[in-house]
Every structure is written in C-alpha cells, then in structure tokens.
Amino acid sequence: MRRRIPSNSMLIAFEAAARHGSFKEAASELLLTESAVSRQIARLETFLETKLFERKGNRVRLLPVGTKYAQEVGDSLARLERDSQRLMGQSPGTVDLEIGVLPTFATRWLIPRLGMFQNTFPHIRVNLAQRLDPFNLPASGFDAAIHFHDPAWAGLVIHPLLHEVLIPVCNPSLLSGTRTPPPLDDLPRVHRRQNAEAWQIYAQETAQHLQNPLAGVRFDLHGMAIEAAMAGLGVALVPRTYVERDLAEGRLVTCWPPGQSVSKTFCAITTEPLDECQPALRSFVLWLLDQAAATEDQP
C-alpha cells in the first residue's frame with residue numbers, strides 16, 4: 001500500500017517557515033526564493049486539505065493546527081536527520097545510543113564521566129541531545145532519556161539516579177572582607193527562572209533571613225546560574241551534583257547549610273525493563289546507576 005506522505009521538500013519548507021514565522025527568512029535559510037517556499041507550502045496545504053498559515057498581504061501567521069503540525073514535523077525531520085547521520089558516521093561493529101538529556105546535567109555531570117564509559121565499552125557510542133522538557137520517548141527516536149522524575153513518564157521504566165539537593169555557592173571574591181558565614185541577605189542572589197521559589201523555600205528550611213527572597217537576577221538554566229556565580233554576580237542556589245568539581249578546585253565556595261528537601265530526582269528513563277533492553281543500552285544504564293551510586297556516596 002502506497003504511503004500518503006507529503007514530499008520532503010514540502011515538509012522542509014513548511015518547518016522552516018513555521019520556525020521563522022516568515023516565508024522570506026525560510027527562503028534565506030533554504031537558499032530558495034520566497035515564491036518557491038510559498039509554492040511548496042501551498043502544495044502541502046492542498047495535499048493535507050488544510051490551511052496551515054493565515055496570509056495577510058506579505059505577512060503570514062501560523063494557525064493553531066499549523067503550530068501543532070509544525071512541532072510534529074520538526075520532531076520527525078530531526079529524528080530522520082539524526083538517524084541518517086548516525087548511519088553515515090557508523091564504524092563496523094559500533095553501536096550508537098541516542099540519549100535525550102537535560103543540558104546542565106549533561107555538561108556538568110555526564111560528559112565529564114563519559115570517557116570512563118567509552119574506555120570500558122569502546123564499541124558503544126553515546127550521542128546526546130538536549131531536552132529541557134519531558135517528551136514522548138517511544139516516538140522520539142531516542143533510546144533513553146535522562147531527566148527529572150515527572151508524571152509525563154507514566155508507562156515507562158524509571159531508573160532513579162541522583163537526588164537534587166540545592167546548596168548556595170558563589171565566587172570566593174564575593175566573601176572577601178566579610179565574616180563567615182555572611183548573612184545571605186547582605187549578598188546579591190542568582191535565581192533559576194523555572195524555580196522562582198527556591199530561595200524562599202531554602203530560607204524557611206535553614207532559618208536564613210531573607211527580606212526579599214525573590215530579589216536578584218534570573219537565568220533559565222542551572223548552568224547559566226553556575227556561570228553567573230563564578231563570574232561574581234551573586235550567590236546561586238544549585239544542585240551540589242553540578243558543582244562538586246568547582247568546589248573542590250576553589251572556583252566556587254559554600255559556607256551555608258545545604259537545603260533540607262530534595263527538589264527533584266534525576267532518572268534514566270527507558271521504554272522497557274533493563275533485562276529486555278538491547279545490550280548496549282542495558283550496559284549504559286547500569287553504568288549510569290553505578291556512577292550515580294558513587295556520587296551519592298561522596299561526602
């Protein structure tokens with residue numbers, strides 16, 4: 001039976017136009033004319049028998065049905081590109097794993113340890129892609145995810161790795177000339193935008209006085225907050241797991257008590273139990289569990 005799928009040229013033009021919100025910018029990215037992009041999208045709308053864009057003169061606006069379709073098409077194209085690149089670069093006997101992972105967890109915890117995994121399993125190549133939010137793992141093309149525990153993973157297999165315990169850290173220069181530990185209320189503070197109440201909860205747990213717990217600069221990622229702390233912009237409340245090396249090497253210091261509650265739990269997520277996973281993925285997840293246990297055992 002012949003598949004009823006739009007042509008690649010239609011989908012690529014649509015995805016670019018939806019991402020940019022402009023036929024002109026999509027044409028520039030794809031090295032096409034604006035009219036060529038417009039024709040491809042018109043053909044796609046005819047094929048689907050559905051309008052994806054609202055056109056007003058030279059301006060276009062993605063309709064709600066187009067917004068949802070754009071997300072699905074973008075995910076499918078990214079998966080196809082990822083699978084193609086994996087085959088093009090694959091060496092004989094090498095097994096590739098595609099892992100969707102939280103970006104700061106990848107850069108601060110996982111990547112510094114990956115060399116050990118590769119030394120033990122030289123035939124397994126681990127490819128990482130950042131995912132800030134939970135996603136549909138079975139339909140994503142990823143072999144596994146490393147993310148926070150979340151109800152969105154219902155029906156999948158959860159392998160708890162590490163607990164997120166927050167600690168205040170800052171550049172040592174921020175404490176020069178102050179008594180130890182200085183009151184947090186006397187220092188500028190750094191916030192992670194997605195966890196706006198973290199300082200308020202921390203102050204209640206540790207009996208720290210903060211006149212305005214929400215005062216301070218805000219960043220989207222823990223990685224940004226850590227860099228801000230190292231740059232001397234203030235005290236950041238971040239997972240200890242992310243800053244162990246910086247504390248050990250003196251780039252950051254902490255002289256306040258750690259948070260008392262576990263904010264979130266980092267997990268590996270697979271679609272099947274470990275004994276049913278492919279051998280390469282099973283080896284990787286078991287290695288993750290061992291590394292996480294060693295991290296939790298550190299003082």
# chains A, B, ... in the order shown; residues from 1 in each chain; ligands from 1
$ residues_around --residues "segment 163-169 of chain A" --least-positions-apart "4" --cutoff "10 Å" --atoms "only C-alpha atoms" --output "JSON list (two decimals) with all heavy atoms, in the first residue's frame"
[["chain", "number", "residue", "atom", "x", "y", "z"],
["A", 148, "PHE", "N", 14.41, 14.70, 34.86],
["A", 148, "PHE", "CA", 13.78, 14.68, 36.17],
["A", 148, "PHE", "C", 12.62, 13.67, 36.18],
["A", 148, "PHE", "O", 11.97, 13.44, 35.16],
["A", 148, "PHE", "CB", 13.22, 16.06, 36.52],
["A", 148, "PHE", "CG", 14.27, 17.10, 36.78],
["A", 148, "PHE", "CD1", 14.24, 18.31, 36.11],
["A", 148, "PHE", "CD2", 15.27, 16.89, 37.72],
["A", 148, "PHE", "CE1", 15.19, 19.29, 36.36],
["A", 148, "PHE", "CE2", 16.22, 17.84, 37.98],
["A", 148, "PHE", "CZ", 16.19, 19.05, 37.30],
["A", 184, "LEU", "N", 23.09, 35.86, 54.07],
["A", 184, "LEU", "CA", 22.73, 35.83, 52.65],
["A", 184, "LEU", "C", 22.02, 37.09, 52.22],
["A", 184, "LEU", "O", 22.08, 37.49, 51.05],
["A", 184, "LEU", "CB", 21.86, 34.60, 52.37],
["A", 184, "LEU", "CG", 22.59, 33.26, 52.27],
["A", 184, "LEU", "CD1", 21.60, 32.11, 52.27],
["A", 184, "LEU", "CD2", 23.45, 33.23, 51.02],
["A", 189, "ARG", "N", 21.77, 37.76, 44.93],
["A", 189, "ARG", "CA", 21.41, 36.37, 44.71],
["A", 189, "ARG", "C", 21.06, 36.11, 43.25],
["A", 189, "ARG", "O", 20.59, 37.00, 42.53],
["A", 189, "ARG", "CB", 20.23, 35.97, 45.62],
["A", 189, "ARG", "CG", 20.63, 35.88, 47.09],
["A", 189, "ARG", "CD", 19.49, 35.35, 47.95],
["A", 189, "ARG", "NE", 18.33, 36.23, 47.94],
["A", 189, "ARG", "CZ", 18.23, 37.33, 48.66],
["A", 189, "ARG", "NH1", 19.23, 37.73, 49.43],
["A", 189, "ARG", "NH2", 17.14, 38.07, 48.61],
["A", 190, "VAL", "N", 21.29, 34.87, 42.85],
["A", 190, "VAL", "CA", 21.03, 34.42, 41.49],
["A", 190, "VAL", "C", 19.91, 33.40, 41.53],
["A", 190, "VAL", "O", 19.90, 32.51, 42.38],
["A", 190, "VAL", "CB", 22.31, 33.79, 40.88],
["A", 190, "VAL", "CG1", 22.02, 33.21, 39.50],
["A", 190, "VAL", "CG2", 23.43, 34.83, 40.80],
["A", 198, "ALA", "N", 12.70, 28.87, 44.97],
["A", 198, "ALA", "CA", 13.74, 28.06, 45.60],
["A", 198, "ALA", "C", 14.38, 28.76, 46.78],
["A", 198, "ALA", "O", 14.59, 28.16, 47.84],
["A", 198, "ALA", "CB", 14.80, 27.68, 44.57],
["A", 199, "TRP", "N", 14.71, 30.05, 46.64],
["A", 199, "TRP", "CA", 15.36, 30.77, 47.74],
["A", 199, "TRP", "C", 14.43, 30.90, 48.94],
["A", 199, "TRP", "O", 14.86, 30.82, 50.09],
["A", 199, "TRP", "CB", 15.82, 32.14, 47.27],
["A", 199, "TRP", "CG", 17.19, 32.14, 46.64],
["A", 199, "TRP", "CD1", 17.49, 32.40, 45.33],
["A", 199, "TRP", "CD2", 18.44, 31.88, 47.29],
["A", 199, "TRP", "NE1", 18.85, 32.30, 45.12],
["A", 199, "TRP", "CE2", 19.44, 31.99, 46.31],
["A", 199, "TRP", "CE3", 18.79, 31.55, 48.59],
["A", 199, "TRP", "CZ2", 20.80, 31.79, 46.61],
["A", 199, "TRP", "CZ3", 20.14, 31.34, 48.89],
["A", 199, "TRP", "CH2", 21.12, 31.47, 47.91],
["A", 202, "TYR", "N", 14.35, 27.57, 50.64],
["A", 202, "TYR", "CA", 15.64, 27.34, 51.30],
["A", 202, "TYR", "C", 15.73, 28.15, 52.60],
["A", 202, "TYR", "O", 16.17, 27.64, 53.64],
["A", 202, "TYR", "CB", 16.78, 27.72, 50.36],
["A", 202, "TYR", "CG", 18.14, 27.69, 51.03],
["A", 202, "TYR", "CD1", 18.82, 26.50, 51.19],
["A", 202, "TYR", "CD2", 18.72, 28.87, 51.53],
["A", 202, "TYR", "CE1", 20.06, 26.47, 51.83],
["A", 202, "TYR", "CE2", 19.95, 28.84, 52.17],
["A", 202, "TYR", "CZ", 20.61, 27.63, 52.31],
["A", 202, "TYR", "OH", 21.83, 27.61, 52.95],
["A", 225, "ALA", "N", 23.18, 29.83, 35.82],
["A", 225, "ALA", "CA", 23.28, 30.33, 37.19],
["A", 225, "ALA", "C", 24.66, 30.03, 37.79],
["A", 225, "ALA", "O", 25.24, 30.86, 38.50],
["A", 225, "ALA", "CB", 22.18, 29.70, 38.05],
["A", 226, "ILE", "N", 25.20, 28.86, 37.47],
["A", 226, "ILE", "CA", 26.53, 28.50, 37.97],
["A", 226, "ILE", "C", 27.58, 29.42, 37.38],
["A", 226, "ILE", "O", 28.49, 29.91, 38.09],
["A", 226, "ILE", "CB", 26.83, 27.03, 37.65],
["A", 226, "ILE", "CG1", 25.91, 26.10, 38.46],
["A", 226, "ILE", "CG2", 28.30, 26.70, 37.95],
["A", 226, "ILE", "CD1", 25.91, 24.67, 37.99],
["A", 229, "ALA", "N", 27.42, 32.71, 39.09],
["A", 229, "ALA", "CA", 28.06, 32.67, 40.40],
["A", 229, "ALA", "C", 29.58, 32.73, 40.27],
["A", 229, "ALA", "O", 30.25, 33.45, 41.02],
["A", 229, "ALA", "CB", 27.63, 31.40, 41.14],
["A", 230, "MET", "N", 30.14, 31.98, 39.32],
["A", 230, "MET", "CA", 31.58, 32.00, 39.13],
["A", 230, "MET", "C", 32.07, 33.37, 38.66],
["A", 230, "MET", "O", 33.19, 33.76, 38.94],
["A", 230, "MET", "CB", 32.01, 30.90, 38.16],
["A", 230, "MET", "CG", 31.93, 29.51, 38.76],
["A", 230, "MET", "SD", 32.86, 28.25, 37.88],
["A", 230, "MET", "CE", 31.85, 28.04, 36.44],
["A", 234, "GLY", "N", 26.68, 36.89, 42.09],
["A", 234, "GLY", "CA", 25.87, 36.65, 43.28],
["A", 234, "GLY", "C", 25.99, 35.22, 43.75],
["A", 234, "GLY", "O", 26.81, 34.44, 43.26],
["A", 235, "VAL", "N", 25.14, 34.89, 44.73],
["A", 235, "VAL", "CA", 25.09, 33.54, 45.28],
["A", 235, "VAL", "C", 24.00, 32.78, 44.54],
["A", 235, "VAL", "O", 22.86, 33.23, 44.47],
["A", 235, "VAL", "CB", 24.78, 33.56, 46.79],
["A", 235, "VAL", "CG1", 24.84, 32.15, 47.36],
["A", 235, "VAL", "CG2", 25.74, 34.48, 47.52],
["A", 236, "ALA", "N", 24.35, 31.62, 43.98],
["A", 236, "ALA", "CA", 23.39, 30.80, 43.24],
["A", 236, "ALA", "C", 23.02, 29.58, 44.07],
["A", 236, "ALA", "O", 23.86, 28.98, 44.73],
["A", 236, "ALA", "CB", 23.98, 30.37, 41.90],
["A", 237, "LEU", "N", 21.75, 29.20, 44.00],
["A", 237, "LEU", "CA", 21.25, 28.01, 44.69],
["A", 237, "LEU", "C", 21.13, 26.91, 43.65],
["A", 237, "LEU", "O", 20.21, 26.91, 42.82],
["A", 237, "LEU", "CB", 19.89, 28.33, 45.33],
["A", 237, "LEU", "CG", 19.36, 27.35, 46.37],
["A", 237, "LEU", "CD1", 20.32, 27.21, 47.55],
["A", 237, "LEU", "CD2", 17.99, 27.82, 46.88],
["A", 238, "VAL", "N", 22.07, 25.95, 43.67],
["A", 238, "VAL", "CA", 22.17, 24.98, 42.58],
["A", 238, "VAL", "C", 22.37, 23.58, 43.14],
["A", 238, "VAL", "O", 22.75, 23.41, 44.30],
["A", 238, "VAL", "CB", 23.36, 25.33, 41.65],
["A", 238, "VAL", "CG1", 23.16, 26.70, 41.02],
["A", 238, "VAL", "CG2", 24.68, 25.29, 42.42],
["A", 239, "PRO", "N", 22.13, 22.53, 42.35],
["A", 239, "PRO", "CA", 22.37, 21.17, 42.81],
["A", 239, "PRO", "C", 23.85, 20.93, 43.12],
["A", 239, "PRO", "O", 24.71, 21.29, 42.31],
["A", 239, "PRO", "CB", 21.91, 20.31, 41.63],
["A", 239, "PRO", "CG", 20.95, 21.16, 40.88],
["A", 239, "PRO", "CD", 21.47, 22.56, 41.02],
["A", 240, "ARG", "N", 24.12, 20.34, 44.25],
["A", 240, "ARG", "CA", 25.52, 20.05, 44.61],
["A", 240, "ARG", "C", 26.19, 19.20, 43.54],
["A", 240, "ARG", "O", 27.38, 19.37, 43.25],
["A", 240, "ARG", "CB", 25.57, 19.32, 45.96],
["A", 240, "ARG", "CG", 26.97, 18.91, 46.37],
["A", 240, "ARG", "CD", 26.98, 18.13, 47.66],
["A", 240, "ARG", "NE", 26.68, 18.96, 48.81],
["A", 240, "ARG", "CZ", 27.60, 19.70, 49.43],
["A", 240, "ARG", "NH1", 28.85, 19.72, 49.00],
["A", 240, "ARG", "NH2", 27.27, 20.44, 50.47],
["A", 241, "THR", "N", 25.44, 18.28, 42.95],
["A", 241, "THR", "CA", 25.98, 17.39, 41.92],
["A", 241, "THR", "C", 26.67, 18.17, 40.81],
["A", 241, "THR", "O", 27.66, 17.72, 40.25],
["A", 241, "THR", "CB", 24.85, 16.54, 41.32],
["A", 241, "THR", "OG1", 24.26, 15.76, 42.36],
["A", 241, "THR", "CG2", 25.34, 15.64, 40.23],
["A", 242, "TYR", "N", 26.15, 19.35, 40.49],
["A", 242, "TYR", "CA", 26.67, 20.12, 39.36],
["A", 242, "TYR", "C", 27.97, 20.86, 39.68],
["A", 242, "TYR", "O", 28.68, 21.29, 38.76],
["A", 242, "TYR", "CB", 25.64, 21.16, 38.92],
["A", 242, "TYR", "CG", 24.42, 20.60, 38.21],
["A", 242, "TYR", "CD1", 23.31, 21.41, 37.99],
["A", 242, "TYR", "CD2", 24.38, 19.30, 37.76],
["A", 242, "TYR", "CE1", 22.18, 20.91, 37.34],
["A", 242, "TYR", "CE2", 23.26, 18.79, 37.12],
["A", 242, "TYR", "CZ", 22.16, 19.61, 36.90],
["A", 242, "TYR", "OH", 21.06, 19.13, 36.26],
["A", 243, "VAL", "N", 28.27, 21.08, 40.95],
["A", 243, "VAL", "CA", 29.38, 21.98, 41.28],
["A", 243, "VAL", "C", 30.45, 21.31, 42.14],
["A", 243, "VAL", "O", 31.31, 22.00, 42.69],
["A", 243, "VAL", "CB", 28.85, 23.25, 42.00],
["A", 243, "VAL", "CG1", 28.02, 24.10, 41.05],
["A", 243, "VAL", "CG2", 28.04, 22.88, 43.25],
["A", 246, "ASP", "N", 33.93, 22.25, 40.91],
["A", 246, "ASP", "CA", 34.22, 23.67, 41.11],
["A", 246, "ASP", "C", 34.50, 23.96, 42.58],
["A", 246, "ASP", "O", 35.37, 24.80, 42.90],
["A", 246, "ASP", "CB", 33.04, 24.52, 40.61],
["A", 246, "ASP", "CG", 32.76, 24.29, 39.14],
["A", 246, "ASP", "OD1", 33.65, 24.58, 38.32],
["A", 246, "ASP", "OD2", 31.67, 23.80, 38.83],
["A", 247, "LEU", "N", 33.80, 23.29, 43.48],
["A", 247, "LEU", "CA", 34.06, 23.47, 44.91],
["A", 247, "LEU", "C", 35.43, 22.89, 45.28],
["A", 247, "LEU", "O", 36.19, 23.51, 46.02],
["A", 247, "LEU", "CB", 32.97, 22.79, 45.73],
["A", 247, "LEU", "CG", 31.58, 23.44, 45.69],
["A", 247, "LEU", "CD1", 30.54, 22.53, 46.33],
["A", 247, "LEU", "CD2", 31.58, 24.79, 46.39],
["A", 251, "ARG", "N", 36.94, 27.22, 42.54],
["A", 251, "ARG", "CA", 36.29, 28.23, 41.69],
["A", 251, "ARG", "C", 35.01, 28.75, 42.35],
["A", 251, "ARG", "O", 34.57, 29.86, 42.08],
["A", 251, "ARG", "CB", 35.98, 27.65, 40.31],
["A", 251, "ARG", "CG", 37.21, 27.46, 39.43],
["A", 251, "ARG", "CD", 36.82, 27.00, 38.05],
["A", 251, "ARG", "NE", 36.24, 25.67, 38.07],
["A", 251, "ARG", "CZ", 36.94, 24.55, 37.98],
["A", 251, "ARG", "NH1", 38.26, 24.60, 37.91],
["A", 251, "ARG", "NH2", 36.34, 23.37, 37.99],
["A", 252, "LEU", "N", 34.41, 27.90, 43.17],
["A", 252, "LEU", "CA", 33.22, 28.27, 43.93],
["A", 252, "LEU", "C", 33.43, 27.88, 45.38],
["A", 252, "LEU", "O", 34.22, 26.97, 45.69],
["A", 252, "LEU", "CB", 31.98, 27.56, 43.39],
["A", 252, "LEU", "CG", 31.46, 27.97, 42.01],
["A", 252, "LEU", "CD1", 30.37, 27.02, 41.55],
["A", 252, "LEU", "CD2", 30.95, 29.41, 42.02],
["A", 253, "VAL", "N", 32.72, 28.55, 46.27],
["A", 253, "VAL", "CA", 32.76, 28.20, 47.69],
["A", 253, "VAL", "C", 31.33, 28.18, 48.22],
["A", 253, "VAL", "O", 30.43, 28.80, 47.65],
["A", 253, "VAL", "CB", 33.61, 29.19, 48.52],
["A", 253, "VAL", "CG1", 35.06, 29.12, 48.12],
["A", 253, "VAL", "CG2", 33.06, 30.61, 48.38],
["A", 254, "THR", "N", 31.13, 27.45, 49.30],
["A", 254, "THR", "CA", 29.86, 27.48, 50.01],
["A", 254, "THR", "C", 30.15, 27.46, 51.50],
["A", 254, "THR", "O", 31.01, 26.72, 51.96],
["A", 254, "THR", "CB", 28.97, 26.28, 49.63],
["A", 254, "THR", "OG1", 27.73, 26.38, 50.33],
["A", 254, "THR", "CG2", 29.63, 24.95, 49.93],
["A", 255, "CYS", "N", 29.48, 28.33, 52.24],
["A", 255, "CYS", "CA", 29.67, 28.35, 53.70],
["A", 255, "CYS", "C", 28.32, 28.41, 54.41],
["A", 255, "CYS", "O", 28.23, 28.84, 55.54],
["A", 255, "CYS", "CB", 30.56, 29.52, 54.10],
["A", 255, "CYS", "SG", 29.97, 31.12, 53.54],
["A", 256, "TRP", "N", 27.28, 28.00, 53.70],
["A", 256, "TRP", "CA", 25.94, 27.96, 54.26],
["A", 256, "TRP", "C", 25.44, 26.51, 54.24],
["A", 256, "TRP", "O", 25.93, 25.69, 53.48],
["A", 256, "TRP", "CB", 25.00, 28.85, 53.44],
["A", 256, "TRP", "CG", 25.43, 30.28, 53.37],
["A", 256, "TRP", "CD1", 25.21, 31.26, 54.29],
["A", 256, "TRP", "CD2", 26.20, 30.88, 52.32],
["A", 256, "TRP", "NE1", 25.77, 32.44, 53.87],
["A", 256, "TRP", "CE2", 26.39, 32.24, 52.67],
["A", 256, "TRP", "CE3", 26.74, 30.43, 51.11],
["A", 256, "TRP", "CZ2", 27.08, 33.13, 51.87],
["A", 256, "TRP", "CZ3", 27.44, 31.30, 50.31],
["A", 256, "TRP", "CH2", 27.60, 32.65, 50.69],
["A", 257, "PRO", "N", 24.46, 26.19, 55.05],
["A", 257, "PRO", "CA", 23.98, 24.80, 55.08],
["A", 257, "PRO", "C", 23.27, 24.43, 53.78],
["A", 257, "PRO", "O", 22.70, 25.30, 53.10],
["A", 257, "PRO", "CB", 22.99, 24.80, 56.26],
["A", 257, "PRO", "CG", 22.58, 26.23, 56.43],
["A", 257, "PRO", "CD", 23.78, 27.05, 56.04],
["A", 258, "PRO", "N", 23.30, 23.16, 53.41],
["A", 258, "PRO", "CA", 22.56, 22.73, 52.22],
["A", 258, "PRO", "C", 21.06, 22.74, 52.47],
["A", 258, "PRO", "O", 20.61, 22.77, 53.63],
["A", 258, "PRO", "CB", 23.06, 21.30, 52.00],
["A", 258, "PRO", "CG", 23.46, 20.84, 53.35],
["A", 258, "PRO", "CD", 24.00, 22.06, 54.07],
["A", 259, "GLY", "N", 20.29, 22.74, 51.40],
["A", 259, "GLY", "CA", 18.85, 22.64, 51.54],
["A", 259, "GLY", "C", 18.47, 21.31, 52.20],
["A", 259, "GLY", "O", 19.20, 20.32, 52.10],
["A", 260, "GLN", "N", 17.33, 21.29, 52.84],
["A", 260, "GLN", "CA", 16.90, 20.09, 53.57],
["A", 260, "GLN", "C", 16.04, 19.16, 52.72],
["A", 260, "GLN", "O", 15.98, 17.97, 52.97],
["A", 260, "GLN", "CB", 16.11, 20.50, 54.82],
["A", 260, "GLN", "CG", 16.89, 21.38, 55.77],
["A", 260, "GLN", "CD", 18.15, 20.70, 56.27],
["A", 260, "GLN", "OE1", 18.10, 19.58, 56.73],
["A", 260, "GLN", "NE2", 19.28, 21.39, 56.16],
["A", 261, "SER", "N", 15.38, 19.69, 51.73],
["A", 261, "SER", "CA", 14.46, 18.88, 50.94],
["A", 261, "SER", "C", 15.10, 18.50, 49.61],
["A", 261, "SER", "O", 15.99, 19.19, 49.11],
["A", 261, "SER", "CB", 13.15, 19.63, 50.69],
["A", 261, "SER", "OG", 13.39, 20.80, 49.93],
["A", 262, "VAL", "N", 14.62, 17.41, 49.06],
["A", 262, "VAL", "CA", 15.02, 17.00, 47.71],
["A", 262, "VAL", "C", 14.09, 17.68, 46.73],
["A", 262, "VAL", "O", 12.87, 17.45, 46.74],
["A", 262, "VAL", "CB", 14.94, 15.46, 47.56],
["A", 262, "VAL", "CG1", 15.20, 15.06, 46.13],
["A", 262, "VAL", "CG2", 15.93, 14.79, 48.51],
["A", 263, "SER", "N", 14.65, 18.55, 45.88],
["A", 263, "SER", "CA", 13.81, 19.28, 44.94],
["A", 263, "SER", "C", 13.24, 18.34, 43.88],
["A", 263, "SER", "O", 12.04, 18.27, 43.65],
["A", 263, "SER", "CB", 14.61, 20.40, 44.28],
["A", 263, "SER", "OG", 15.04, 21.33, 45.24],
["A", 264, "LYS", "N", 14.14, 17.59, 43.23],
["A", 264, "LYS", "CA", 13.73, 16.67, 42.18],
["A", 264, "LYS", "C", 14.69, 15.49, 42.18],
["A", 264, "LYS", "O", 15.72, 15.51, 42.85],
["A", 264, "LYS", "CB", 13.73, 17.36, 40.81],
["A", 264, "LYS", "CG", 12.69, 18.47, 40.67],
["A", 264, "LYS", "CD", 12.74, 19.10, 39.29],
["A", 264, "LYS", "CE", 11.69, 20.20, 39.16],
["A", 264, "LYS", "NZ", 11.75, 20.87, 37.85],
["A", 265, "THR", "N", 14.34, 14.48, 41.41],
["A", 265, "THR", "CA", 15.20, 13.31, 41.29],
["A", 265, "THR", "C", 15.57, 13.11, 39.83],
["A", 265, "THR", "O", 14.70, 13.07, 38.95],
["A", 265, "THR", "CB", 14.49, 12.05, 41.81],
["A", 265, "THR", "OG1", 14.15, 12.24, 43.19],
["A", 265, "THR", "CG2", 15.38, 10.82, 41.68],
["A", 266, "PHE", "N", 16.87, 13.01, 39.56],
["A", 266, "PHE", "CA", 17.34, 12.70, 38.22],
["A", 266, "PHE", "C", 17.14, 11.21, 37.97],
["A", 266, "PHE", "O", 17.44, 10.38, 38.83],
["A", 266, "PHE", "CB", 18.83, 13.03, 38.07],
["A", 266, "PHE", "CG", 19.15, 14.49, 38.24],
["A", 266, "PHE", "CD1", 19.74, 14.96, 39.40],
["A", 266, "PHE", "CD2", 18.87, 15.39, 37.23],
["A", 266, "PHE", "CE1", 20.05, 16.30, 39.56],
["A", 266, "PHE", "CE2", 19.18, 16.73, 37.37],
["A", 266, "PHE", "CZ", 19.77, 17.19, 38.54],
["A", 267, "CYS", "N", 16.64, 10.88, 36.78],
["A", 267, "CYS", "CA", 16.35, 9.49, 36.44],
["A", 267, "CYS", "C", 16.80, 9.18, 35.03],
["A", 267, "CYS", "O", 16.87, 10.06, 34.17],
["A", 267, "CYS", "CB", 14.85, 9.21, 36.53],
["A", 267, "CYS", "SG", 14.13, 9.51, 38.14],
["A", 292, "ALA", "N", 26.06, 6.97, 39.58],
["A", 292, "ALA", "CA", 25.19, 7.73, 40.48],
["A", 292, "ALA", "C", 25.37, 7.28, 41.91],
["A", 292, "ALA", "O", 25.43, 8.10, 42.84],
["A", 292, "ALA", "CB", 23.74, 7.60, 40.04],
["A", 296, "GLU", "N", 26.50, 9.63, 45.06],
["A", 296, "GLU", "CA", 25.71, 9.79, 46.29],
["A", 296, "GLU", "C", 26.52, 9.41, 47.53],
["A", 296, "GLU", "O", 26.28, 9.95, 48.62],
["A", 296, "GLU", "CB", 24.46, 8.89, 46.20],
["A", 296, "GLU", "CG", 23.47, 9.31, 45.16],
["A", 296, "GLU", "CD", 22.52, 10.40, 45.61],
["A", 296, "GLU", "OE1", 22.97, 11.56, 45.76],
["A", 296, "GLU", "OE2", 21.34, 10.12, 45.83]]
$ residues_around --residues "segment 26-41 of chain A" --least-positions-apart "2" --cutoff "10 Å" --atoms "only C-alpha atoms" --output "list in words"
Ser7, Asn8, Ser9, Met10, Leu11, Ile12, Ala13, Phe14, Glu15, Ala16, Ala17, Ala18, Arg19, His20, Gly21, Ser22, Phe23, Lys24, Arg43, Leu44, Glu45, Thr46, Phe47, Lys51, Leu52 and Phe53 of chain A
$ closest_residue --among "A:Pro182, A:Gly57, A:Pro160, A:Pro134" --to "Ala293 of chain A" --atoms "only C-alpha atoms"
A:Pro160
$ select_by_dssp --residues "segment 52-243 of chain A" --states "alpha helix (DSSP H)" --output "PyMOL selection string"
chain A and resi 64-88+103-105+111-120+198-206+222-230+240-243
$ atom_distance --atom1 "atom CA of Leu63 of chain A" --atom2 "atom CA of Gly141 of chain A"
27.2 Å
$ residues_around --residues "Gln194 of chain A" --least-positions-apart "3" --cutoff "9 Å" --atoms "only C-alpha atoms" --output "list in words"
His191, Glu197, Phe219, Asp220 and Leu221 of chain A
$ closest_residue --among "A:Val126, A:Leu137, A:Ala196, A:Ala42" --to "Leu156 of chain A" --atoms "only C-alpha atoms"
A:Leu137
$ closest_residue --among "A:Glu244, A:Arg193, A:Arg113, A:Glu54" --to "Thr67 of chain A" --atoms "only C-alpha atoms"
A:Glu54
$ closest_residue --among "A:Pro122, A:Ala144, A:Arg82, A:Gln291" --to "Cys277 of chain A" --atoms "only C-alpha atoms"
A:Ala144
$ decode --residues "segment 62-74 of chain A" --atoms "N, CA, C and O atoms" --output "CSV table (one decimal), in the first residue's frame"
chain,number,residue,atom,x,y,z
A,62,LEU,N,1.0,31.6,11.5
A,62,LEU,CA,0.7,30.1,11.7
A,62,LEU,C,-0.6,29.9,12.4
A,62,LEU,O,-0.8,30.5,13.5
A,63,LEU,N,-1.5,29.2,11.9
A,63,LEU,CA,-2.7,28.8,12.5
A,63,LEU,C,-2.5,27.8,13.6
A,63,LEU,O,-1.5,27.1,13.6
A,64,PRO,N,-3.4,27.6,14.6
A,64,PRO,CA,-3.2,26.7,15.6
A,64,PRO,C,-3.0,25.3,15.1
A,64,PRO,O,-2.1,24.6,15.6
A,65,VAL,N,-3.7,24.8,14.1
A,65,VAL,CA,-3.5,23.5,13.5
A,65,VAL,C,-2.1,23.4,12.9
A,65,VAL,O,-1.4,22.4,13.0
A,66,GLY,N,-1.6,24.5,12.4
A,66,GLY,CA,-0.2,24.5,11.8
A,66,GLY,C,0.8,24.5,12.9
A,66,GLY,O,1.9,23.9,12.7
A,67,THR,N,0.6,25.1,14.0
A,67,THR,CA,1.5,25.1,15.2
A,67,THR,C,1.8,23.7,15.6
A,67,THR,O,2.9,23.3,15.8
A,68,LYS,N,0.7,22.9,15.8
A,68,LYS,CA,0.8,21.5,16.3
A,68,LYS,C,1.5,20.7,15.2
A,68,LYS,O,2.4,19.9,15.5
A,69,TYR,N,1.2,20.9,14.0
A,69,TYR,CA,1.8,20.1,12.9
A,69,TYR,C,3.2,20.4,12.8
A,69,TYR,O,4.1,19.6,12.5
A,70,ALA,N,3.6,21.7,13.0
A,70,ALA,CA,5.0,22.1,12.8
A,70,ALA,C,5.9,21.4,13.9
A,70,ALA,O,7.0,21.0,13.6
A,71,GLN,N,5.3,21.3,15.1
A,71,GLN,CA,6.1,20.6,16.1
A,71,GLN,C,6.3,19.1,15.8
A,71,GLN,O,7.4,18.6,15.9
A,72,GLU,N,5.3,18.5,15.2
A,72,GLU,CA,5.4,17.1,14.8
A,72,GLU,C,6.3,16.9,13.7
A,72,GLU,O,7.1,16.0,13.7
A,73,VAL,N,6.2,17.8,12.7
A,73,VAL,CA,7.1,17.7,11.5
A,73,VAL,C,8.5,18.0,11.9
A,73,VAL,O,9.5,17.3,11.5
A,74,GLY,N,8.7,19.0,12.8
A,74,GLY,CA,10.1,19.3,13.2
A,74,GLY,C,10.7,18.1,14.0
A,74,GLY,O,11.9,17.8,13.7
